[in-house]
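File shown: run-v9.csv. Contents: CSV, C-alpha atoms.
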chain,number,residue,atom,x,y,z
Z,1,MET,CA,7.0,6.4,18.6
Z,2,ALA,CA,5.1,4.3,21.1
Z,3,MET,CA,3.0,7.2,22.0
Z,4,ASP,CA,2.2,7.9,18.3
Z,5,LYS,CA,1.1,4.3,17.8
Z,6,LEU,CA,-1.1,4.4,20.9
Z,7,ARG,CA,-2.7,7.7,19.7
Z,8,SER,CA,-3.3,6.3,16.3
Z,9,ASP,CA,-4.7,3.0,17.6
Z,10,GLN,CA,-7.1,4.8,19.9
Z,11,LEU,CA,-8.4,7.1,17.1
Z,12,VAL,CA,-8.7,4.1,14.7
Z,13,ASP,CA,-10.8,2.3,17.3
Z,14,LEU,CA,-13.0,5.3,17.8
Z,15,ALA,CA,-13.6,5.5,14.0
Z,16,VAL,CA,-14.4,1.8,13.9
Z,17,ASP,CA,-16.9,2.1,16.7
Z,18,PHE,CA,-18.3,5.2,15.1
Z,19,GLN,CA,-19.0,3.5,11.8
Z,20,ILE,CA,-20.3,0.3,13.3
Z,21,GLN,CA,-22.8,2.3,15.4
Z,22,ARG,CA,-24.0,4.1,12.2
Z,23,ILE,CA,-24.4,0.7,10.4
Z,24,THR,CA,-26.2,-0.8,13.4
Z,25,ARG,CA,-28.7,2.1,13.4
Z,26,GLY,CA,-29.3,1.6,9.7
Z,27,GLU,CA,-28.4,5.1,8.6
Z,28,PRO,CA,-29.0,5.6,4.9
Z,29,ASP,CA,-25.4,6.1,3.9
Z,30,ALA,CA,-23.9,3.5,6.2
Z,31,GLU,CA,-24.1,0.2,4.3
Z,32,ASP,CA,-23.3,-3.1,5.9
Z,33,ASP,CA,-20.1,-3.5,3.9
Z,34,PRO,CA,-16.4,-3.7,4.7
Z,35,PHE,CA,-14.8,-0.4,5.3
Z,36,PHE,CA,-11.3,1.2,5.7
Z,37,VAL,CA,-10.0,3.6,8.3
Z,38,ALA,CA,-7.0,5.5,7.0
Z,39,ASP,CA,-4.8,7.5,9.4
Z,40,MET,CA,-3.2,10.3,7.4
Z,41,GLY,CA,-1.2,11.1,10.5
Z,42,GLN,CA,0.6,7.8,10.1
Z,43,VAL,CA,1.6,8.7,6.5
Z,44,SER,CA,3.0,12.0,7.8
Z,45,ARG,CA,5.0,10.3,10.5
Z,46,GLN,CA,6.4,7.8,7.9
Z,47,HIS,CA,7.4,10.8,5.8
Z,48,ARG,CA,9.3,12.5,8.7
Z,49,ARG,CA,10.9,9.1,9.4
Z,50,TRP,CA,12.0,9.0,5.8
Z,51,LYS,CA,13.4,12.5,5.8
Z,52,PHE,CA,15.3,11.8,9.0
Z,53,ASN,CA,17.0,8.6,7.7
Z,54,LEU,CA,17.3,9.5,4.0
Z,55,PRO,CA,17.3,13.3,3.8
Z,56,ASP,CA,18.9,13.5,0.4
Z,57,VAL,CA,16.7,10.8,-1.3
Z,58,GLN,CA,13.5,12.3,-2.7
Z,59,PRO,CA,10.5,9.9,-2.4
Z,60,PHE,CA,8.2,9.8,-5.4
Z,61,TYR,CA,4.9,9.2,-3.6
Z,62,ALA,CA,1.8,11.2,-2.7
Z,63,GLU,CA,1.2,14.9,-1.7
Z,64,LEU,CA,4.1,15.3,0.7
Z,65,GLY,CA,6.2,17.7,-1.3
Z,66,THR,CA,7.4,14.6,-3.3
Z,67,GLY,CA,6.9,13.3,-6.8
Z,68,PHE,CA,4.7,10.6,-8.4
Z,69,ASP,CA,5.6,7.3,-9.9
Z,70,CYS,CA,2.9,6.3,-12.5
Z,71,ALA,CA,2.5,3.2,-14.6
Z,72,SER,CA,-0.4,3.9,-16.9
Z,73,VAL,CA,-2.6,6.6,-18.5
Z,74,GLN,CA,-5.2,6.1,-15.7
Z,75,GLU,CA,-2.6,6.8,-13.0
Z,76,MET,CA,-1.2,9.8,-14.8
Z,77,ARG,CA,-4.7,11.2,-15.3
Z,78,ALA,CA,-5.6,10.8,-11.7
Z,79,VAL,CA,-2.5,12.6,-10.5
Z,80,LEU,CA,-2.8,15.4,-13.0
Z,81,GLU,CA,-6.4,16.0,-12.0
Z,82,LEU,CA,-5.2,16.7,-8.5
Z,83,GLY,CA,-3.3,19.7,-9.9
Z,84,VAL,CA,0.1,18.1,-9.8
Z,85,HIS,CA,2.7,19.6,-12.2
Z,86,PRO,CA,3.8,17.1,-14.9
Z,87,SER,CA,7.4,17.6,-14.0
Z,88,ARG,CA,6.7,15.8,-10.7
Z,89,ILE,CA,5.6,12.7,-12.5
Z,90,ILE,CA,7.8,9.8,-13.8
Z,91,LEU,CA,6.2,7.3,-16.2
Z,92,ALA,CA,8.0,4.4,-14.6
Z,93,ASN,CA,6.6,1.4,-16.5
Z,94,PRO,CA,9.6,0.1,-18.6
Z,95,CYS,CA,7.3,-1.5,-21.3
Z,96,LYS,CA,4.5,0.8,-22.6
Z,97,ALA,CA,2.0,1.0,-25.4
Z,98,ALA,CA,2.3,3.8,-27.9
Z,99,GLN,CA,-0.9,5.5,-26.7
Z,100,VAL,CA,0.6,5.8,-23.2
Z,101,LEU,CA,3.6,7.7,-24.5
Z,102,LEU,CA,1.4,9.9,-26.6
Z,103,TYR,CA,-0.7,10.8,-23.6
Z,104,ALA,CA,2.4,11.5,-21.5
Z,105,LYS,CA,3.8,13.8,-24.2
Z,106,LYS,CA,0.5,15.6,-24.6
Z,107,LYS,CA,0.3,16.3,-20.9
Z,108,GLY,CA,3.9,17.3,-20.5
Z,109,VAL,CA,5.1,14.3,-18.5
Z,110,GLY,CA,8.7,14.3,-19.8
Z,111,THR,CA,10.5,11.5,-17.9
Z,112,THR,CA,10.1,7.8,-18.5
Z,113,VAL,CA,11.9,4.4,-18.1
Z,114,PHE,CA,13.1,1.8,-20.5
Z,115,ASP,CA,15.1,-1.5,-20.2
Z,116,ASN,CA,15.4,-2.8,-23.8
Z,117,LEU,CA,16.2,-1.6,-27.3
Z,118,ASP,CA,12.7,-2.1,-28.7
Z,119,GLU,CA,11.2,0.1,-26.0
Z,120,LEU,CA,13.9,2.7,-26.8
Z,121,ASP,CA,12.8,2.7,-30.4
Z,122,THR,CA,9.1,3.1,-29.4
Z,123,ILE,CA,10.0,6.1,-27.2
Z,124,ASN,CA,12.1,7.6,-29.9
Z,125,ARG,CA,9.1,7.4,-32.3
Z,126,TYR,CA,6.4,8.7,-30.0
Z,127,MET,CA,8.1,10.7,-27.3
Z,128,PRO,CA,11.5,11.7,-28.8
Z,129,GLU,CA,12.2,14.5,-26.4
Z,130,ALA,CA,11.8,12.4,-23.3
Z,131,GLN,CA,14.3,12.3,-20.4
Z,132,LEU,CA,15.2,8.7,-20.0
Z,133,LEU,CA,15.9,6.4,-17.0
Z,134,LEU,CA,17.5,3.1,-17.9
Z,135,ARG,CA,16.4,0.3,-15.5
Z,136,ILE,CA,19.1,-2.2,-14.9
Z,137,TYR,CA,18.6,-5.7,-13.5
Z,138,ALA,CA,18.7,-5.7,-9.7
Z,139,ASN,CA,17.1,-8.4,-7.6
Z,140,ASP,CA,16.6,-9.6,-4.0
Z,141,ASP,CA,16.4,-13.3,-3.5
Z,142,SER,CA,14.6,-12.9,-0.2
Z,143,ALA,CA,11.8,-10.8,-1.9
Z,144,LEU,CA,8.4,-12.5,-2.2
Z,145,ILE,CA,7.9,-11.0,-5.7
Z,146,LYS,CA,11.1,-10.7,-7.8
Z,147,PHE,CA,10.5,-7.9,-10.3
Z,148,GLY,CA,14.0,-8.5,-11.6
Z,149,ASP,CA,12.6,-11.6,-13.4
Z,150,LYS,CA,10.4,-9.3,-15.5
Z,151,PHE,CA,12.2,-6.0,-15.8
Z,152,GLY,CA,15.8,-4.7,-15.9
Z,153,ALA,CA,18.6,-4.7,-18.5
Z,154,PRO,CA,21.8,-6.5,-17.5
Z,155,ALA,CA,24.2,-4.1,-15.9
Z,156,ASP,CA,27.2,-5.0,-18.2
Z,157,MET,CA,25.1,-4.1,-21.3
Z,158,SER,CA,23.8,-0.7,-20.3
Z,159,TRP,CA,24.3,2.8,-19.0
Z,160,SER,CA,21.9,3.2,-16.2
Z,161,LEU,CA,20.0,4.8,-13.5
Z,162,LEU,CA,19.2,2.2,-11.0
Z,163,GLN,CA,15.7,1.1,-10.0
Z,164,ARG,CA,15.3,-1.3,-7.1
Z,165,THR,CA,12.1,-3.0,-5.8
Z,166,GLY,CA,10.8,-5.6,-3.3
Z,167,ALA,CA,13.6,-5.8,-0.8
Z,168,ASN,CA,14.0,-7.4,2.6
Z,169,ASP,CA,17.7,-7.7,2.6
Z,170,PRO,CA,19.7,-4.5,3.1
Z,171,GLY,CA,22.7,-6.1,1.3
Z,172,SER,CA,20.7,-6.2,-1.9
Z,173,PHE,CA,20.6,-2.4,-1.9
Z,174,ARG,CA,24.3,-2.3,-1.4
Z,175,LYS,CA,25.0,-4.6,-4.3
Z,176,ALA,CA,22.5,-2.7,-6.6
Z,177,ILE,CA,24.1,0.7,-5.8
Z,178,LYS,CA,27.5,-0.8,-6.5
Z,179,ASP,CA,26.3,-2.0,-9.9
Z,180,ALA,CA,24.8,1.4,-10.6
Z,181,SER,CA,28.2,3.0,-9.8
Z,182,ALA,CA,29.9,0.7,-12.3
Z,183,VAL,CA,27.3,1.7,-15.0
Z,184,PHE,CA,27.8,5.4,-14.2
Z,185,GLU,CA,31.5,4.9,-14.9
Z,186,GLN,CA,30.8,3.1,-18.2
Z,187,ALA,CA,28.4,5.8,-19.2
Z,188,GLN,CA,30.9,8.6,-18.4
Z,189,ALA,CA,33.5,6.8,-20.6
Z,190,LEU,CA,31.0,6.9,-23.5
Z,191,GLY,CA,30.3,10.6,-23.0
Z,192,PHE,CA,27.0,10.4,-21.0
Z,193,ASN,CA,26.5,12.6,-17.9
Z,194,MET,CA,24.5,10.6,-15.4
Z,195,ARG,CA,22.6,13.1,-13.2
Z,196,LEU,CA,20.0,10.9,-11.5
Z,197,LEU,CA,19.8,7.6,-9.6
Z,198,ASP,CA,16.5,5.9,-8.9
Z,199,ILE,CA,16.9,3.4,-6.1
Z,200,GLY,CA,13.3,2.1,-6.6
Z,201,GLY,CA,11.0,0.7,-3.9
Z,202,GLY,CA,10.4,-2.3,-1.7
Z,203,PHE,CA,11.2,-0.5,1.5
Z,204,GLN,CA,9.9,-2.4,4.5
Z,205,ASP,CA,8.6,-0.8,7.7
Z,206,LYS,CA,10.1,-3.4,9.9
Z,207,ASN,CA,13.7,-2.8,9.0
Z,208,PHE,CA,13.6,0.6,7.4
Z,209,GLU,CA,16.4,2.1,9.6
Z,210,ASP,CA,18.8,-0.8,8.7
Z,211,ILE,CA,18.0,-0.4,5.0
Z,212,ALA,CA,18.4,3.4,5.1
Z,213,ALA,CA,21.8,3.2,6.8
Z,214,THR,CA,23.0,0.7,4.2
Z,215,ILE,CA,21.8,2.9,1.4
Z,216,TRP,CA,23.3,6.1,2.9
Z,217,GLU,CA,26.7,4.4,3.3
Z,218,ALA,CA,26.6,2.9,-0.2
Z,219,ILE,CA,25.6,6.2,-1.9
Z,220,ALA,CA,28.3,8.1,0.0
Z,221,GLN,CA,30.9,5.6,-1.1
Z,222,GLN,CA,29.8,4.8,-4.6
Z,223,ILE,CA,27.8,7.7,-6.2
Z,224,PRO,CA,29.0,11.2,-7.1
Z,225,SER,CA,27.7,13.9,-4.7
Z,226,THR,CA,26.2,15.9,-7.5
Z,227,THR,CA,23.8,13.0,-8.4
Z,228,LYS,CA,20.1,13.5,-7.6
Z,229,ILE,CA,18.7,10.5,-5.7
Z,230,ILE,CA,15.1,9.5,-5.9
Z,231,ALA,CA,13.0,6.5,-4.7
Z,232,GLU,CA,9.6,4.9,-5.1
Z,233,PRO,CA,8.5,3.9,-1.6
Z,234,GLY,CA,4.8,3.1,-2.1
Z,235,ARG,CA,4.2,0.3,0.4
Z,236,TYR,CA,6.4,2.0,3.0
Z,237,TYR,CA,4.0,5.0,3.2
Z,238,ALA,CA,0.7,3.3,2.7
Z,239,ARG,CA,0.7,-0.1,4.4
Z,240,SER,CA,0.6,0.9,8.1
Z,241,ALA,CA,-1.9,3.7,7.5
Z,242,TYR,CA,-4.9,1.6,6.6
Z,243,THR,CA,-7.1,-0.7,8.7
Z,244,LEU,CA,-9.8,-2.8,7.1
Z,245,ILE,CA,-13.0,-3.9,9.0
Z,246,CYS,CA,-15.0,-6.9,7.8
Z,247,ARG,CA,-18.2,-8.4,9.1
Z,248,VAL,CA,-18.8,-12.1,10.0
Z,249,ILE,CA,-21.8,-13.1,7.8
Z,250,SER,CA,-21.9,-16.8,8.6
Z,251,ARG,CA,-20.4,-19.5,10.8
Z,252,ARG,CA,-20.0,-23.2,10.7
Z,253,ARG,CA,-19.0,-25.1,13.8
Z,254,GLN,CA,-17.3,-28.5,13.7
Z,255,MET,CA,-19.8,-30.8,15.3
Z,256,THR,CA,-18.7,-34.3,14.4
Z,257,GLU,CA,-16.2,-36.4,16.3
Z,258,LYS,CA,-14.0,-36.7,13.2
Z,259,ALA,CA,-13.6,-33.0,12.8
Z,260,LYS,CA,-13.5,-31.9,16.4
Z,261,ASP,CA,-9.7,-31.0,16.2
Z,262,GLN,CA,-10.3,-28.8,13.1
Z,263,PRO,CA,-10.9,-25.1,13.5
Z,264,ASP,CA,-14.5,-23.8,13.2
Z,265,MET,CA,-15.2,-21.7,10.1
Z,266,LEU,CA,-16.1,-18.0,9.9
Z,267,TYR,CA,-17.3,-16.4,6.6
Z,268,GLN,CA,-16.7,-12.7,6.2
Z,269,ASN,CA,-17.9,-10.1,3.7
Z,270,ASP,CA,-14.5,-9.7,2.0
Z,271,GLY,CA,-12.0,-12.2,0.8
Z,272,MET,CA,-9.1,-13.1,-1.5
Z,273,TYR,CA,-10.9,-11.8,-4.6
Z,274,GLY,CA,-11.6,-8.5,-2.7
Z,275,HIS,CA,-9.0,-6.7,-0.5
Z,276,PHE,CA,-7.1,-9.8,0.5
Z,277,MET,CA,-5.5,-10.7,-2.9
Z,278,ASN,CA,-2.1,-10.3,-1.3
Z,279,ARG,CA,-2.5,-13.6,0.4
Z,280,LEU,CA,-2.1,-15.1,-3.1
Z,281,MET,CA,0.4,-12.6,-4.5
Z,282,GLU,CA,2.9,-12.3,-1.6
Z,283,ALA,CA,1.7,-15.0,0.8
Z,284,GLU,CA,0.6,-12.3,3.2
Z,285,LYS,CA,-0.2,-13.5,6.7
Z,286,TYR,CA,-3.2,-11.8,8.3
Z,287,CYS,CA,-3.9,-11.4,12.0
Z,288,PRO,CA,-7.6,-10.6,12.6
Z,289,ILE,CA,-8.7,-8.8,15.7
Z,290,LEU,CA,-12.2,-9.6,17.0
Z,291,VAL,CA,-14.6,-6.7,17.4
Z,292,ARG,CA,-17.7,-8.0,19.1
Z,293,ASP,CA,-21.2,-7.0,17.9
Z,294,GLY,CA,-22.8,-5.3,20.8
Z,295,GLY,CA,-26.2,-6.5,19.6
Z,296,SER,CA,-25.4,-10.2,19.6
Z,297,SER,CA,-27.8,-12.2,21.6
Z,298,GLY,CA,-27.1,-15.2,23.8
Z,299,LYS,CA,-24.0,-16.1,25.8
Z,300,ARG,CA,-20.6,-16.2,24.3
Z,301,GLU,CA,-18.1,-19.0,25.1
Z,302,ALA,CA,-14.9,-17.6,26.8
Z,303,GLY,CA,-11.4,-18.7,26.1
Z,304,PRO,CA,-9.4,-19.2,22.9
Z,305,HIS,CA,-11.3,-20.4,19.8
Z,306,ARG,CA,-9.6,-21.5,16.5
Z,307,TYR,CA,-11.1,-20.5,13.2
Z,308,THR,CA,-10.6,-20.7,9.5
Z,309,ILE,CA,-11.7,-17.4,7.9
Z,310,TRP,CA,-13.3,-17.6,4.5
Z,311,GLY,CA,-14.3,-14.9,2.0
Z,312,PRO,CA,-17.8,-14.6,0.6
Z,313,THR,CA,-17.4,-16.0,-2.9
Z,314,CYS,CA,-18.2,-19.6,-4.0
Z,315,ASP,CA,-14.5,-20.4,-4.8
Z,316,GLY,CA,-13.2,-23.1,-2.5
Z,317,GLY,CA,-9.8,-21.3,-2.4
Z,318,ASP,CA,-11.2,-18.0,-1.2
Z,319,TYR,CA,-9.9,-18.0,2.4
Z,320,VAL,CA,-8.1,-15.3,4.3
Z,321,VAL,CA,-6.6,-17.1,7.2
Z,322,HIS,CA,-6.3,-20.9,7.3
Z,323,ASP,CA,-6.0,-21.2,11.1
Z,324,THR,CA,-6.2,-18.4,13.6
Z,325,THR,CA,-7.0,-18.1,17.3
Z,326,LEU,CA,-9.4,-15.5,18.6
Z,327,PRO,CA,-9.7,-14.7,22.3
Z,328,CYS,CA,-13.3,-16.0,22.6
Z,329,GLU,CA,-16.1,-17.4,20.6
Z,330,ALA,CA,-17.0,-15.3,17.4
Z,331,LYS,CA,-20.6,-15.0,16.3
Z,332,VAL,CA,-22.4,-13.9,13.2
Z,333,GLY,CA,-22.6,-10.1,13.2
Z,334,ASP,CA,-19.2,-9.7,14.8
Z,335,TRP,CA,-16.5,-7.7,13.0
Z,336,LEU,CA,-12.9,-8.6,12.2
Z,337,LYS,CA,-10.3,-5.8,12.2
Z,338,TYR,CA,-7.1,-6.1,10.0
Z,339,LYS,CA,-4.2,-3.7,10.4
Z,340,ASN,CA,-1.6,-2.8,7.8
Z,341,MET,CA,-4.0,-3.0,4.9
Z,342,GLY,CA,-2.8,0.0,2.8
Z,343,ALA,CA,-0.8,-1.8,0.1
Z,344,TYR,CA,-2.1,-4.1,-2.6
Z,345,THR,CA,-5.6,-4.2,-1.3
Z,346,SER,CA,-8.0,-1.8,-3.2
Z,347,THR,CA,-5.8,-1.8,-6.2
Z,348,THR,CA,-6.0,-5.5,-6.7
Z,349,ALA,CA,-9.6,-6.0,-5.7
Z,350,THR,CA,-11.9,-7.7,-8.2
Z,351,GLN,CA,-15.7,-8.2,-8.6
Z,352,PHE,CA,-15.5,-12.0,-8.9
Z,353,ASN,CA,-18.9,-13.7,-8.4
Z,354,GLY,CA,-20.5,-10.2,-8.6
Z,355,PHE,CA,-19.2,-9.0,-5.2
Z,356,SER,CA,-18.5,-5.3,-5.2
Z,357,SER,CA,-14.9,-4.0,-4.8
Z,358,ASP,CA,-16.1,-0.6,-3.6
Z,359,CYS,CA,-15.2,0.2,0.0
Z,360,ARG,CA,-15.9,3.3,2.1
Z,361,THR,CA,-12.8,4.9,3.7
Z,362,LEU,CA,-13.0,7.0,6.8
Z,363,TYR,CA,-10.0,9.4,7.0
Z,364,ILE,CA,-8.6,10.4,10.3
Z,365,ASN,CA,-5.6,12.3,11.4
Z,366,SER,CA,-3.7,11.3,14.6
Z,367,ASP,CA,-0.7,13.6,14.0
Z,368,PRO,CA,-1.0,16.9,15.9
Z,369,LEU,CA,1.8,18.3,13.6
Z,370,VAL,CA,-0.4,18.1,10.5
Z,371,LEU,CA,-2.5,21.3,10.5
Z,372,LYS,CA,-4.2,20.7,7.2
Z,373,LEU,CA,-5.0,17.8,5.0
Z,374,ARG,CA,-6.5,18.0,1.5
Z,375,PHE,CA,-8.8,15.2,0.2
Z,376,ASP,CA,-10.6,15.2,-3.2
Z,377,CYS,CA,-13.7,13.3,-2.1
Z,378,ASP,CA,-16.0,13.4,-5.1
Z,379,ASP,CA,-17.7,10.1,-4.5
Z,380,ASP,CA,-19.7,8.5,-1.7
Z,381,HIS,CA,-17.0,6.3,-0.3
Z,382,ARG,CA,-14.8,8.8,1.5
Z,383,THR,CA,-15.3,10.5,4.9
Z,384,LEU,CA,-12.9,12.8,6.7
Z,385,LEU,CA,-12.7,13.1,10.4
Z,386,SER,CA,-10.0,15.1,12.2
Z,387,ARG,CA,-9.0,14.3,15.8
Z,388,SER,CA,-10.8,17.4,17.1
Z,389,GLU,CA,-14.0,16.7,15.1
Z,390,PHE,CA,-14.0,13.2,16.5
Z,391,GLN,CA,-13.8,14.4,20.1
Z,392,ASP,CA,-16.6,16.9,19.4
Z,393,THR,CA,-19.0,14.5,17.6
Z,394,PHE,CA,-18.4,11.0,19.0
Z,395,PRO,CA,-20.7,9.2,19.5
Z,396,LEU,CA,-23.2,11.6,17.8
Z,397,ALA,CA,-22.7,10.0,14.4
Z,398,GLY,CA,-25.4,12.3,12.8
Z,399,LEU,CA,-23.0,15.2,13.0
Z,400,MET,CA,-20.4,13.4,10.8
Z,401,GLN,CA,-20.5,14.6,7.2
Z,402,ALA,CA,-19.2,13.1,4.0
Z,403,ALA,CA,-16.3,15.3,2.8

In structure tokens, write the structure found in this file.
Amino acid sequence: MAMDKLRSDQLVDLAVDFQIQRITRGEPDAEDDPFFVADMGQVSRQHRRWKFNLPDVQPFYAELGTGFDCASVQEMRAVLELGVHPSRIILANPCKAAQVLLYAKKKGVGTTVFDNLDELDTINRYMPEAQLLLRIYANDDSALIKFGDKFGAPADMSWSLLQRTGANDPGSFRKAIKDASAVFEQAQALGFNMRLLDIGGGFQDKNFEDIAATIWEAIAQQIPSTTKIIAEPGRYYARSAYTLICRVISRRRQMTEKAKDQPDMLYQNDGMYGHFMNRLMEAEKYCPILVRDGGSSGKREAGPHRYTIWGPTCDGGDYVVHDTTLPCEAKVGDWLKYKNMGAYTSTTATQFNGFSSDCRTLYINSDPLVLKLRFDCDDDHRTLLSRSEFQDTFPLAGLMQAA
């Protein structure tokens, strides 16, 4: 695993240098904007890790022989346009408008979720042949966002398939599966044959093996062996695969005696209203890595320097990091690299103050076991580089083509 991480980090750094050189040269399609580097090899490794630890739990995420968890017409349309069969899609939003159900029915998406009687009536009216998953209340008090406050029927009032989300505590999965087992028994007494259990999402990279072991044990003890088990691990797959690169566009140094103990200020070209909304949503702590601009003039002060990092908008609350230490002085034109930026970044970005939320993504593949990757790159913001292509073309950026 350490070797995989080293290989991924090295290829990400090559991609970062590659794009920065193109921007520095002023190439026509290399705008001076934030950009992502996405390592699809890391997604593949996460999938193998999942299959090793939870071999009988089918993840509904991406094109890895899995399924898709969709919440809206737009998400269903995007997945269907990739050629995915509708049977691999679950319309997982428990509270939906009628037009969403009508679209799902028209396109052949036959499975959806509910957690209240009014929603059940709506489904019966507009999608009466649907296969239903009943979401029961399940919560994790350690989670930053508690979806149980918004969704989930009380377990003692329902027959259910379980859906879990946002978990840091393995014990919360154990309790939730126990609750699901009790509902399975209630349903059986009423003549229902429970065939599927959805254990939801919220899987964290940092303690995945512990959570997986807890789930495996609880399922073996509580759930019939004939039950199909699925999950919705979005963040688990995406978070560690993406790196975001932002540019320092301005700087303010603390010059007065009164403010000498305060950190200096850096202003970058992305912020809370862009790809850093998770600072507000989940109190995400970011750890920027300084990438020096090779064209910066003048000497650079050595030694640790403290900075507050601000976004580009005029909102006084638009900061990314309140107080961070970089290894040396940072200057205008430098770049800041942020790892683990694959979850709740592009999907929550806005255009507040007129700043664009568009962001170019360079796709790389650090996994030698992945022989072929498919990307539908029909816009100007995606570029695909394989490891071999990188070795052949770096640093001849002119040979790199948009996919």

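CA of Tyr267 in chain Z lies 12.0 Å from CA of Gly316 in chain Z.
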
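Distance annotation: of Z:Ala241, Z:Ile249, Z:Ala259, Z:Ala92, the residue with the minimal separation from Trp335 in chain Z is Z:Ile249; atom set is only C-alpha atoms.
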
Just how far from CA of Ala98 in chain Z is CA of Thr122 in chain Z, in Å to one decimal? 7.0 Å

Atomic distance CA of Asp293 in chain Z - CA of Ala2 in chain Z, expressed in Å with one decimal: 28.8 Å

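Using all atoms listed in the file, the nearest neighbour of Val37 in chain Z within the list Z:Ala71, Z:Leu54, Z:Ala176, Z:Leu11 is Z:Leu11.
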
Return as JSON the box centre and box size in Å, one decimal, for an axis-aligned box around all listed atoms of range 271-275 of chain Z padded by 6 Å per side.
{"center_x": -10.5, "center_y": -9.9, "center_z": -1.9, "size_x": 15.0, "size_y": 18.4, "size_z": 17.4}

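In this comparison, which uses all atoms listed in the file, the residue of Z:Gln99, Z:Thr214, Z:Ser87, Z:Thr24 approaching Tyr126 in chain Z most closely is Z:Gln99.
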
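Every protein or nucleic acid residue with an atom no more than 12 Å from Val332 in chain Z, counting only C-alpha atoms and leaving out same-chain residues fewer than 6 positions away, appears here: Cys246, Arg247, Val248, Ile249, Ser250, Arg251, Arg252, Arg253, Met265, Leu266, Tyr267, Gln268, Asn269, Leu290, Val291, Arg292, Asp293, Gly294, Gly295, Ser296, Ser297, Gly298 and Arg300 of chain Z.
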
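The closest residue to Leu101 in chain Z, picked from Z:Thr345, Z:Ser72, Z:Asn116, Z:Asn207 and counting all atoms listed in the file, is Z:Ser72.
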
Neighbour list for Leu326 in chain Z as a list in words, cut-off 9 Å, only C-alpha atoms, skip fewer than 3 positions in-chain: Pro288, Ile289, Leu290, Gly303, Pro304, His305, Arg306, Tyr307, Glu329 and Ala330 of chain Z

Residues within 12 Å of Glu119 in chain Z, all atoms listed in the file, excluding chain neighbours under 4 positions, as a list of chain:residue names: Z:Asn93, Z:Pro94, Z:Cys95, Z:Lys96, Z:Ala97, Z:Ala98, Z:Leu101, Z:Thr112, Z:Val113, Z:Phe114, Z:Asp115, Z:Ile123, Z:Asn124, Z:Arg125, Z:Tyr126, Z:Met127, Z:Pro128, Z:Leu132, Z:Leu133, Z:Leu134, Z:Arg135, Z:Phe151, Z:Ala153

With distances taken over only C-alpha atoms, which of Z:Val16, Z:Ile219, Z:Leu197, Z:Leu336 is nearest to Lys178 in chain Z? Z:Ile219

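Using only C-alpha atoms, the nearest neighbour of Ile23 in chain Z within the list Z:Phe352, Z:Tyr103, Z:Phe35, Z:Tyr236 is Z:Phe35.
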